[in-house]
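Student: My structure is in data-v2.cif, and what it holds is mmCIF, C-alpha atoms:
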data_coords
#
loop_
_atom_site.label_atom_id
_atom_site.label_comp_id
_atom_site.auth_asym_id
_atom_site.auth_seq_id
_atom_site.Cartn_x
_atom_site.Cartn_y
_atom_site.Cartn_z
CA MET A 1 121.54 -78.23 19.39
CA ILE A 2 120.25 -78.95 15.89
CA THR A 3 118.81 -75.79 14.37
CA ALA A 4 115.81 -75.56 12.08
CA ALA A 5 118.08 -73.97 9.46
CA ALA A 6 120.38 -77.02 9.48
CA VAL A 7 117.42 -79.38 9.14
CA ASN A 8 116.09 -77.32 6.24
CA GLU A 9 119.50 -77.31 4.54
CA LEU A 10 119.70 -81.11 4.78
CA ARG A 11 116.15 -81.43 3.50
CA LYS A 12 117.01 -79.27 0.48
CA ALA A 13 120.19 -81.24 -0.15
CA THR A 14 118.53 -84.67 0.01
CA GLY A 15 114.80 -84.35 -0.50
CA ALA A 16 114.24 -86.43 2.68
CA GLY A 17 111.48 -85.63 5.20
CA MET A 18 111.97 -83.02 7.90
CA MET A 19 111.80 -85.48 10.82
CA ASP A 20 114.20 -87.88 9.08
CA CYS A 21 116.61 -85.00 8.51
CA LYS A 22 116.39 -83.89 12.14
CA LYS A 23 117.09 -87.42 13.39
CA ALA A 24 120.00 -87.81 10.96
CA LEU A 25 121.60 -84.60 12.21
CA GLN A 26 121.06 -85.59 15.84
CA GLU A 27 122.68 -88.98 15.24
CA THR A 28 125.71 -87.41 13.53
CA ASN A 29 126.22 -84.39 15.81
CA GLY A 30 125.20 -81.99 13.06
CA ASP A 31 127.73 -83.19 10.46
CA MET A 32 126.02 -82.63 7.09
CA GLU A 33 127.96 -85.21 5.05
CA GLN A 34 127.59 -87.89 7.73
CA ALA A 35 123.90 -87.07 8.00
CA ILE A 36 123.48 -87.67 4.26
CA ASP A 37 125.20 -91.05 4.63
CA PHE A 38 122.98 -91.83 7.64
CA LEU A 39 119.86 -91.19 5.55
CA ARG A 40 121.16 -93.36 2.70
CA LYS A 41 121.97 -96.21 5.08
CA LYS A 42 118.40 -96.05 6.38
CA GLY A 43 117.14 -96.38 2.81
CA ALA A 44 115.99 -92.78 2.35
CA LYS A 45 115.73 -91.61 -1.25
CA VAL A 46 118.52 -89.05 -1.36
CA SER A 47 118.86 -86.72 -4.33
CA ALA A 48 121.82 -88.13 -6.27
CA ASN A 49 123.35 -84.84 -7.31
CA ARG A 50 122.38 -82.84 -4.18
CA ALA A 51 121.68 -80.00 -6.59
CA ASP A 52 119.35 -78.17 -4.21
CA ARG A 53 122.12 -77.18 -1.85
CA GLU A 54 122.54 -73.50 -1.20
CA ALA A 55 125.06 -72.40 -3.87
CA ALA A 56 127.53 -69.55 -3.92
CA GLU A 57 126.91 -67.10 -6.76
CA GLY A 58 129.26 -66.31 -9.60
CA ALA A 59 130.17 -67.50 -13.08
CA VAL A 60 131.93 -70.56 -14.49
CA ILE A 61 133.77 -70.15 -17.79
CA ALA A 62 135.10 -73.00 -19.95
CA ILE A 63 137.05 -72.20 -23.13
CA ALA A 64 139.48 -73.91 -25.51
CA SER A 65 142.41 -72.70 -27.59
CA SER A 66 142.06 -72.10 -31.34
CA ASP A 67 143.85 -75.37 -32.11
CA LYS A 68 141.54 -77.16 -29.62
CA LYS A 69 144.49 -78.81 -27.87
CA THR A 70 144.15 -76.90 -24.59
CA GLY A 71 141.19 -75.88 -22.45
CA VAL A 72 140.69 -74.05 -19.17
CA VAL A 73 137.77 -73.77 -16.79
CA ILE A 74 137.59 -71.13 -14.06
CA ARG A 75 135.06 -70.22 -11.39
CA LEU A 76 134.74 -66.60 -10.31
CA ASN A 77 132.57 -66.31 -7.21
CA CYS A 78 130.60 -63.38 -5.85
CA GLU A 79 127.92 -63.01 -3.19
CA THR A 80 124.72 -62.16 -5.07
CA ASP A 81 122.89 -63.25 -8.18
CA PHE A 82 122.53 -59.59 -9.12
CA VAL A 83 126.31 -59.25 -9.52
CA ALA A 84 126.71 -62.70 -11.10
CA LYS A 85 124.41 -61.75 -13.98
CA ASN A 86 126.06 -58.37 -14.56
CA GLU A 87 127.68 -58.07 -18.01
CA ASP A 88 130.85 -56.55 -16.59
CA PHE A 89 131.22 -59.42 -14.14
CA ILE A 90 130.77 -62.03 -16.89
CA LYS A 91 133.29 -60.17 -19.07
CA PHE A 92 135.77 -60.11 -16.19
CA ALA A 93 135.35 -63.88 -15.74
CA ASN A 94 135.93 -64.40 -19.47
CA ASP A 95 139.01 -62.17 -19.39
CA ILE A 96 140.45 -64.22 -16.52
CA ALA A 97 139.79 -67.44 -18.44
CA ALA A 98 141.49 -66.02 -21.53
CA ALA A 99 144.53 -64.99 -19.49
CA ALA A 100 144.70 -68.51 -18.05
CA LEU A 101 144.45 -70.08 -21.49
CA ASN A 102 147.17 -67.84 -22.96
CA ASN A 103 149.61 -68.27 -20.06
CA LYS A 104 148.84 -71.71 -18.58
CA PRO A 105 149.64 -70.76 -14.97
CA SER A 106 150.48 -73.59 -12.58
CA SER A 107 148.00 -72.60 -9.84
CA ILE A 108 145.22 -70.19 -8.86
CA ASP A 109 147.79 -68.00 -7.09
CA ALA A 110 149.91 -67.87 -10.25
CA LEU A 111 146.78 -67.08 -12.26
CA LYS A 112 145.98 -64.11 -10.02
CA GLU A 113 149.45 -62.68 -10.65
CA LEU A 114 148.81 -62.50 -14.41
CA SER A 115 148.06 -59.09 -15.90
CA ILE A 116 145.04 -57.87 -17.83
CA ASN A 117 145.47 -54.39 -19.32
CA SER A 118 148.60 -53.71 -17.21
CA LYS A 119 146.95 -54.66 -13.90
CA SER A 120 147.26 -57.97 -12.12
CA ILE A 121 144.10 -60.03 -11.68
CA ASN A 122 144.63 -59.67 -7.92
CA GLU A 123 144.51 -55.88 -8.26
CA LEU A 124 141.48 -56.02 -10.55
CA ILE A 125 139.64 -58.20 -8.03
CA LEU A 126 140.37 -55.68 -5.27
CA ASP A 127 139.15 -52.87 -7.52
CA TYR A 128 135.96 -54.79 -8.22
CA VAL A 129 135.39 -55.47 -4.51
CA GLY A 130 135.80 -51.77 -3.74
CA LYS A 131 133.41 -50.85 -6.52
CA ILE A 132 130.50 -53.17 -5.67
CA GLY A 133 131.07 -53.97 -1.99
CA GLU A 134 130.96 -57.74 -2.44
CA LYS A 135 133.59 -60.39 -1.90
CA ILE A 136 134.87 -61.67 -5.27
CA ASP A 137 137.46 -64.37 -5.83
CA VAL A 138 138.72 -66.94 -8.31
CA THR A 139 138.00 -70.18 -6.46
CA THR A 140 138.71 -72.78 -9.15
CA TYR A 141 141.08 -73.11 -12.09
CA ASP A 142 141.77 -76.25 -14.13
CA LEU A 143 143.74 -76.74 -17.31
CA VAL A 144 143.24 -79.72 -19.65
CA GLU A 145 145.38 -80.71 -22.62
CA GLY A 146 144.68 -83.43 -25.17
CA ASN A 147 144.13 -84.35 -28.81
CA LEU A 148 140.79 -82.54 -28.96
CA ILE A 149 139.30 -80.39 -26.18
CA VAL A 150 135.57 -79.60 -26.25
CA PRO A 151 134.35 -76.89 -23.82
CA TYR A 152 130.74 -76.46 -22.70
CA ILE A 153 128.99 -73.93 -20.45
CA HIS A 154 125.61 -74.85 -19.02
CA ALA A 155 122.72 -73.09 -17.30
CA GLY A 156 123.81 -69.46 -17.53
CA ASN A 157 127.43 -69.97 -16.47
CA LYS A 158 126.51 -72.17 -13.50
CA ILE A 159 128.36 -75.26 -14.80
CA GLY A 160 131.46 -75.49 -17.00
CA VAL A 161 132.80 -78.69 -18.59
CA LEU A 162 135.94 -79.62 -20.50
CA VAL A 163 136.11 -82.92 -22.38
CA ALA A 164 139.35 -84.33 -23.86
CA LEU A 165 138.78 -86.77 -26.74
CA SER A 166 141.30 -89.33 -27.98
CA ILE A 167 140.80 -88.57 -31.69
CA THR A 168 140.81 -85.25 -33.54
CA GLY A 169 138.50 -84.13 -36.31
CA SER A 170 135.34 -82.12 -36.83
CA HIS A 171 133.32 -85.34 -37.18
CA VAL A 172 133.78 -86.15 -33.48
CA GLU A 173 133.24 -82.66 -32.05
CA GLU A 174 129.45 -82.99 -31.96
CA ALA A 175 129.84 -86.20 -29.97
CA GLY A 176 132.20 -84.35 -27.66
CA LYS A 177 129.54 -81.72 -27.07
CA ASP A 178 126.94 -84.44 -26.34
CA VAL A 179 129.33 -85.96 -23.80
CA ALA A 180 129.98 -82.55 -22.21
CA MET A 181 126.22 -81.96 -21.88
CA GLN A 182 125.87 -85.39 -20.28
CA ILE A 183 128.64 -84.59 -17.81
CA ALA A 184 126.94 -81.31 -16.92
CA ALA A 185 123.60 -83.06 -16.32
CA MET A 186 124.69 -86.37 -14.77
CA SER A 187 127.78 -85.28 -12.78
CA PRO A 188 129.85 -88.49 -13.00
CA VAL A 189 132.35 -88.98 -10.18
CA ALA A 190 135.01 -90.52 -12.43
CA LEU A 191 135.83 -91.46 -16.02
CA ASP A 192 135.73 -95.26 -15.58
CA LYS A 193 135.48 -97.87 -12.82
CA GLY A 194 139.22 -97.93 -12.23
CA ASP A 195 139.27 -94.18 -11.63
CA VAL A 196 136.92 -94.25 -8.62
CA SER A 197 138.82 -93.59 -5.40
CA GLN A 198 139.10 -96.31 -2.78
CA ASP A 199 137.46 -93.98 -0.25
CA ILE A 200 134.34 -93.71 -2.43
CA ILE A 201 134.28 -97.47 -3.06
CA ALA A 202 134.56 -98.24 0.67
CA ARG A 203 131.84 -95.71 1.43
CA GLU A 204 129.44 -97.18 -1.16
CA ILE A 205 130.05 -100.73 0.09
CA GLU A 206 129.37 -99.65 3.68
CA ILE A 207 126.17 -97.90 2.64
CA GLY A 208 125.11 -100.89 0.52
CA LYS A 209 125.57 -103.26 3.46
CA ALA A 210 123.61 -100.98 5.78
CA GLN A 211 120.78 -100.69 3.24
CA ALA A 212 120.63 -104.47 2.82
CA ALA A 213 120.64 -105.00 6.61
CA ALA A 214 117.84 -102.46 7.00
CA GLU A 215 115.84 -104.45 4.44
CA GLY A 216 116.23 -107.55 6.62
CA LYS A 217 118.67 -109.42 4.37
CA PRO A 218 120.73 -112.16 6.09
CA GLU A 219 124.19 -111.24 7.38
CA ALA A 220 125.90 -113.74 5.06
CA MET A 221 124.41 -111.98 2.01
CA LEU A 222 125.29 -108.39 2.90
CA GLU A 223 128.70 -108.30 1.17
CA LYS A 224 127.35 -109.82 -2.05
CA ILE A 225 124.38 -107.46 -2.12
CA ALA A 226 126.65 -104.46 -1.45
CA LEU A 227 128.92 -105.45 -4.35
CA GLY A 228 125.87 -105.67 -6.59
CA LYS A 229 124.88 -102.17 -5.53
CA LEU A 230 128.47 -101.05 -6.20
CA ASN A 231 128.19 -102.28 -9.81
CA LYS A 232 125.04 -100.19 -10.22
CA PHE A 233 126.93 -97.23 -8.73
CA TYR A 234 129.65 -97.69 -11.36
CA LYS A 235 127.03 -97.69 -14.13
CA ASP A 236 125.25 -94.64 -12.79
CA SER A 237 128.28 -92.63 -11.70
CA THR A 238 131.23 -93.31 -14.05
CA LEU A 239 131.05 -91.49 -17.36
CA LEU A 240 132.01 -94.21 -19.84
CA ASN A 241 129.55 -96.68 -18.26
CA GLN A 242 126.60 -94.31 -18.01
CA ASP A 243 123.71 -94.77 -20.42
CA PHE A 244 123.87 -92.13 -23.13
CA VAL A 245 121.04 -89.69 -22.38
CA LYS A 246 120.11 -89.29 -26.06
CA ASP A 247 120.03 -93.07 -26.68
CA SER A 248 119.76 -95.21 -23.55
CA SER A 249 120.40 -98.41 -25.54
CA LYS A 250 124.09 -97.43 -25.56
CA THR A 251 126.61 -96.45 -22.95
CA ILE A 252 128.77 -93.38 -23.53
CA SER A 253 131.67 -95.71 -24.36
CA GLN A 254 129.62 -97.58 -26.96
CA MET A 255 128.26 -94.38 -28.50
CA LEU A 256 131.75 -92.97 -28.98
CA ASN A 257 133.15 -96.22 -30.40
CA ASP A 258 130.26 -96.39 -32.88
CA ILE A 259 131.23 -92.96 -34.23
CA GLU A 260 134.84 -94.04 -34.73
CA LYS A 261 136.61 -97.12 -33.47
CA GLY A 262 138.92 -96.14 -30.61
CA LEU A 263 137.21 -92.83 -29.91
CA THR A 264 136.92 -92.26 -26.17
CA VAL A 265 137.21 -89.62 -23.46
CA THR A 266 140.68 -89.41 -21.94
CA LEU A 267 139.89 -86.77 -19.30
CA PHE A 268 137.11 -84.45 -18.22
CA LYS A 269 136.61 -81.58 -15.78
CA ARG A 270 133.26 -80.43 -14.42
CA ILE A 271 133.00 -77.28 -12.29
CA GLN A 272 129.77 -75.83 -10.93
CA LEU A 273 128.72 -73.10 -8.58
CA GLY A 274 128.31 -74.23 -5.02
CA ALA A 275 130.26 -77.47 -5.40
#
Please re-express this file's structure in structure tokens.

Tutor:
Amino acid sequence: MITAAAVNELRKATGAGMMDCKKALQETNGDMEQAIDFLRKKGAKVSANRADREAAEGAVIAIASSDKKTGVVIRLNCETDFVAKNEDFIKFANDIAAAALNNKPSSIDALKELSINSKSINELILDYVGKIGEKIDVTTYDLVEGNLIVPYIHAGNKIGVLVALSITGSHVEEAGKDVAMQIAAMSPVALDKGDVSQDIIAREIEIGKAQAAAEGKPEAMLEKIALGKLNKFYKDSTLLNQDFVKDSSKTISQMLNDIEKGLTVTLFKRIQLGA
């Protein structure tokens, strides 16, 4: 049975109509991801970033070392917005990020074994849970190293970004911040075309074919049309090929190269609440 709550969740996630959402869930036995694909194949205008999904609360922290060669991003989750905005909670998240940056643990479990003021992060989490009565946990930890790391925190600790640039120097840091802001807003799936997984490529081709068929295009043209849609996907969804938000006459790659020949992004991480 498809519940009204599930239909409403899909509607929030995609922006599609209620009846379309109900049919999509019925056709996919209630599977949310498959239902989203079903809507896209039928030509429904689906919100690209699915930003309206119900999100877990918490704080995302992104910081870099003093020499700007290393950066970490962590996500500390809680259950309510009230706790997430509490100064002590934000300080705790920052303390965890600082411990990660100083020690470079190999995993979340290793991170939780680190000590802050003579107590392990695991113990401090348990103390916090006992104090406020909410589940709290570190759910994400990433470490990035490179020639120049630029951190960025967006929307009241809801999104954290790390950008690794190929060239050092204060003259490129502002560009790095612009790129980080773009990543936060546009949520690219990969750095460049060659970094997109085969699973995503196959999925986009399948959806492109289904969309073309639904539009009445001839069978012999479906593959060509789908590949054309895939090229648009690359432009919209891979960082270096995206139009630069501040100047749409240039891609991110072109903007960086104009600042200094050879300047590019070598790696990025984007973490948000609810994703």

Student: Could you check how far CA of Ala64 (chain A) sits from CA of Ser120 (chain A), in Å to one decimal?

Tutor: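 Going from CA of Ala64 (chain A) over to CA of Ser120 (chain A), I get 22.2 Å.
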
Student: Determine the residue set returned by the PyMOL selection byres ((chain A and resi 240) around 6) for the present structure, and present it as a PyMOL selection string.

Tutor: chain A and resi 192+238-239+241-242+252-253

Student: Per residue of region 111-220 of chain A within 12 Å of region 68-85 of chain A, record the nearest atom pair and its distance in Å to one decimal, counting all atoms listed in the file, with rows in chain order and ascending residue number, as JSON lines.

Tutor:
{"residue": "A:Leu111", "atom": "CA", "partner": "A:Ile74", "partner_atom": "CA", "distance": 10.2}
{"residue": "A:Lys112", "atom": "CA", "partner": "A:Leu76", "partner_atom": "CA", "distance": 11.5}
{"residue": "A:Ile121", "atom": "CA", "partner": "A:Leu76", "partner_atom": "CA", "distance": 11.5}
{"residue": "A:Ile125", "atom": "CA", "partner": "A:Leu76", "partner_atom": "CA", "distance": 10.0}
{"residue": "A:Tyr128", "atom": "CA", "partner": "A:Cys78", "partner_atom": "CA", "distance": 10.4}
{"residue": "A:Val129", "atom": "CA", "partner": "A:Cys78", "partner_atom": "CA", "distance": 9.3}
{"residue": "A:Lys131", "atom": "CA", "partner": "A:Val83", "partner_atom": "CA", "distance": 11.4}
{"residue": "A:Ile132", "atom": "CA", "partner": "A:Val83", "partner_atom": "CA", "distance": 8.3}
{"residue": "A:Gly133", "atom": "CA", "partner": "A:Glu79", "partner_atom": "CA", "distance": 9.6}
{"residue": "A:Glu134", "atom": "CA", "partner": "A:Glu79", "partner_atom": "CA", "distance": 6.1}
{"residue": "A:Lys135", "atom": "CA", "partner": "A:Cys78", "partner_atom": "CA", "distance": 5.8}
{"residue": "A:Ile136", "atom": "CA", "partner": "A:Cys78", "partner_atom": "CA", "distance": 4.6}
{"residue": "A:Asp137", "atom": "CA", "partner": "A:Asn77", "partner_atom": "CA", "distance": 5.4}
{"residue": "A:Val138", "atom": "CA", "partner": "A:Leu76", "partner_atom": "CA", "distance": 4.5}
{"residue": "A:Thr139", "atom": "CA", "partner": "A:Arg75", "partner_atom": "CA", "distance": 5.7}
{"residue": "A:Thr140", "atom": "CA", "partner": "A:Arg75", "partner_atom": "CA", "distance": 5.0}
{"residue": "A:Tyr141", "atom": "CA", "partner": "A:Ile74", "partner_atom": "CA", "distance": 4.5}
{"residue": "A:Asp142", "atom": "CA", "partner": "A:Val73", "partner_atom": "CA", "distance": 5.4}
{"residue": "A:Leu143", "atom": "CA", "partner": "A:Val72", "partner_atom": "CA", "distance": 4.5}
{"residue": "A:Val144", "atom": "CA", "partner": "A:Gly71", "partner_atom": "CA", "distance": 5.2}
{"residue": "A:Glu145", "atom": "CA", "partner": "A:Thr70", "partner_atom": "CA", "distance": 4.5}
{"residue": "A:Gly146", "atom": "CA", "partner": "A:Lys69", "partner_atom": "CA", "distance": 5.4}
{"residue": "A:Asn147", "atom": "CA", "partner": "A:Lys69", "partner_atom": "CA", "distance": 5.6}
{"residue": "A:Leu148", "atom": "CA", "partner": "A:Lys69", "partner_atom": "CA", "distance": 5.4}
{"residue": "A:Ile149", "atom": "CA", "partner": "A:Lys68", "partner_atom": "CA", "distance": 5.2}
{"residue": "A:Val150", "atom": "CA", "partner": "A:Lys68", "partner_atom": "CA", "distance": 7.3}
{"residue": "A:Pro151", "atom": "CA", "partner": "A:Gly71", "partner_atom": "CA", "distance": 7.0}
{"residue": "A:Tyr152", "atom": "CA", "partner": "A:Val73", "partner_atom": "CA", "distance": 9.6}
{"residue": "A:Ile153", "atom": "CA", "partner": "A:Val73", "partner_atom": "CA", "distance": 9.5}
{"residue": "A:Ala155", "atom": "CA", "partner": "A:Lys85", "partner_atom": "CA", "distance": 11.9}
{"residue": "A:Gly156", "atom": "CA", "partner": "A:Lys85", "partner_atom": "CA", "distance": 8.5}
{"residue": "A:Asn157", "atom": "CA", "partner": "A:Ala84", "partner_atom": "CA", "distance": 9.1}
{"residue": "A:Lys158", "atom": "CA", "partner": "A:Arg75", "partner_atom": "CA", "distance": 9.0}
{"residue": "A:Ile159", "atom": "CA", "partner": "A:Arg75", "partner_atom": "CA", "distance": 9.1}
{"residue": "A:Gly160", "atom": "CA", "partner": "A:Val73", "partner_atom": "CA", "distance": 6.5}
{"residue": "A:Val161", "atom": "CA", "partner": "A:Val73", "partner_atom": "CA", "distance": 7.2}
{"residue": "A:Leu162", "atom": "CA", "partner": "A:Gly71", "partner_atom": "CA", "distance": 6.7}
{"residue": "A:Val163", "atom": "CA", "partner": "A:Gly71", "partner_atom": "CA", "distance": 8.7}
{"residue": "A:Ala164", "atom": "CA", "partner": "A:Lys69", "partner_atom": "CA", "distance": 8.5}
{"residue": "A:Leu165", "atom": "CA", "partner": "A:Lys69", "partner_atom": "CA", "distance": 9.9}
{"residue": "A:Ser166", "atom": "CA", "partner": "A:Lys69", "partner_atom": "CA", "distance": 11.0}
{"residue": "A:Ile167", "atom": "CA", "partner": "A:Lys69", "partner_atom": "CA", "distance": 11.1}
{"residue": "A:Thr168", "atom": "CA", "partner": "A:Lys68", "partner_atom": "CA", "distance": 9.0}
{"residue": "A:Gly169", "atom": "CA", "partner": "A:Lys68", "partner_atom": "CA", "distance": 10.1}
{"residue": "A:Ser170", "atom": "CA", "partner": "A:Lys68", "partner_atom": "CA", "distance": 10.7}
{"residue": "A:Glu173", "atom": "CA", "partner": "A:Lys68", "partner_atom": "CA", "distance": 10.2}
{"residue": "A:Gly176", "atom": "CA", "partner": "A:Lys68", "partner_atom": "CA", "distance": 11.9}

Student: Would you translate the PyMOL selection byres ((chain A and resi 256) around 12) into the concrete set of residues it matches in this file, as number ranges by chain?

Tutor: A: 165-167, 171-179, 239-241, 243-244, 247, 250-255, 257-266

Student: I need the output of the PyMOL selection byres ((chain A and resi 103) around 12) for this file as a list in words; which residues are they?

Tutor: Ser65, Thr70, Gly71, Val72, Ile96, Ala97, Ala98, Ala99, Ala100, Leu101, Asn102, Lys104, Pro105, Ser106, Ser107, Ala110, Leu111, Lys112, Glu113, Leu114, Ser115, Ile116 and Leu143 of chain A

Student: With 6 Å on each side, where is the centre of the axis-aligned box around all listed atoms of region 133-136 of chain A, and how long are its edges in Å to one decimal, as lines of an AutoDock Vina configuration file?

Tutor:
center_x = 132.9
center_y = -57.8
center_z = -3.6
size_x = 15.9
size_y = 19.7
size_z = 15.4

Student: Just how far from CA of Gly216 (chain A) is CA of Phe38 (chain A), in Å to one decimal?

Tutor: 17.1 Å

Student: Calculate how many Å separate CA of Asn29 (chain A) from CA of Gln198 (chain A), rounding to one decimal.

Tutor: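 Going from CA of Asn29 (chain A) over to CA of Gln198 (chain A) covers 25.6 Å.
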
Student: Can you tell me, as a list in words, what residues are no more than 10 Å from Leu10 (chain A) when counting only C-alpha atoms, ignoring any on the same chain fewer than 5 positions away?

Tutor: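 Within the cut-off, the hits are Ala4, Ala5, Gly15, Ala16, Gly17, Met18, Asp20, Cys21, Lys22, Ala24, Leu25, Gly30, Met32, Glu33, Ala35, Ile36, Arg50, Asp52 and Arg53 of chain A.
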
Student: Of the candidates A:Val60, A:Gln211, A:Leu191, A:Ala184, which shows the shortest atom-to-atom distance to Leu39 (chain A), using all atoms listed in the file?

Tutor: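 Among the listed residues, A:Gln211 lies closest to Leu39 (chain A).
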
Student: Would you please work out which residue, of A:Arg40, A:His154, A:Lys229, A:Arg270, is nearest to Val189 (chain A) when using all atoms listed in the file?

Tutor: A:Arg270
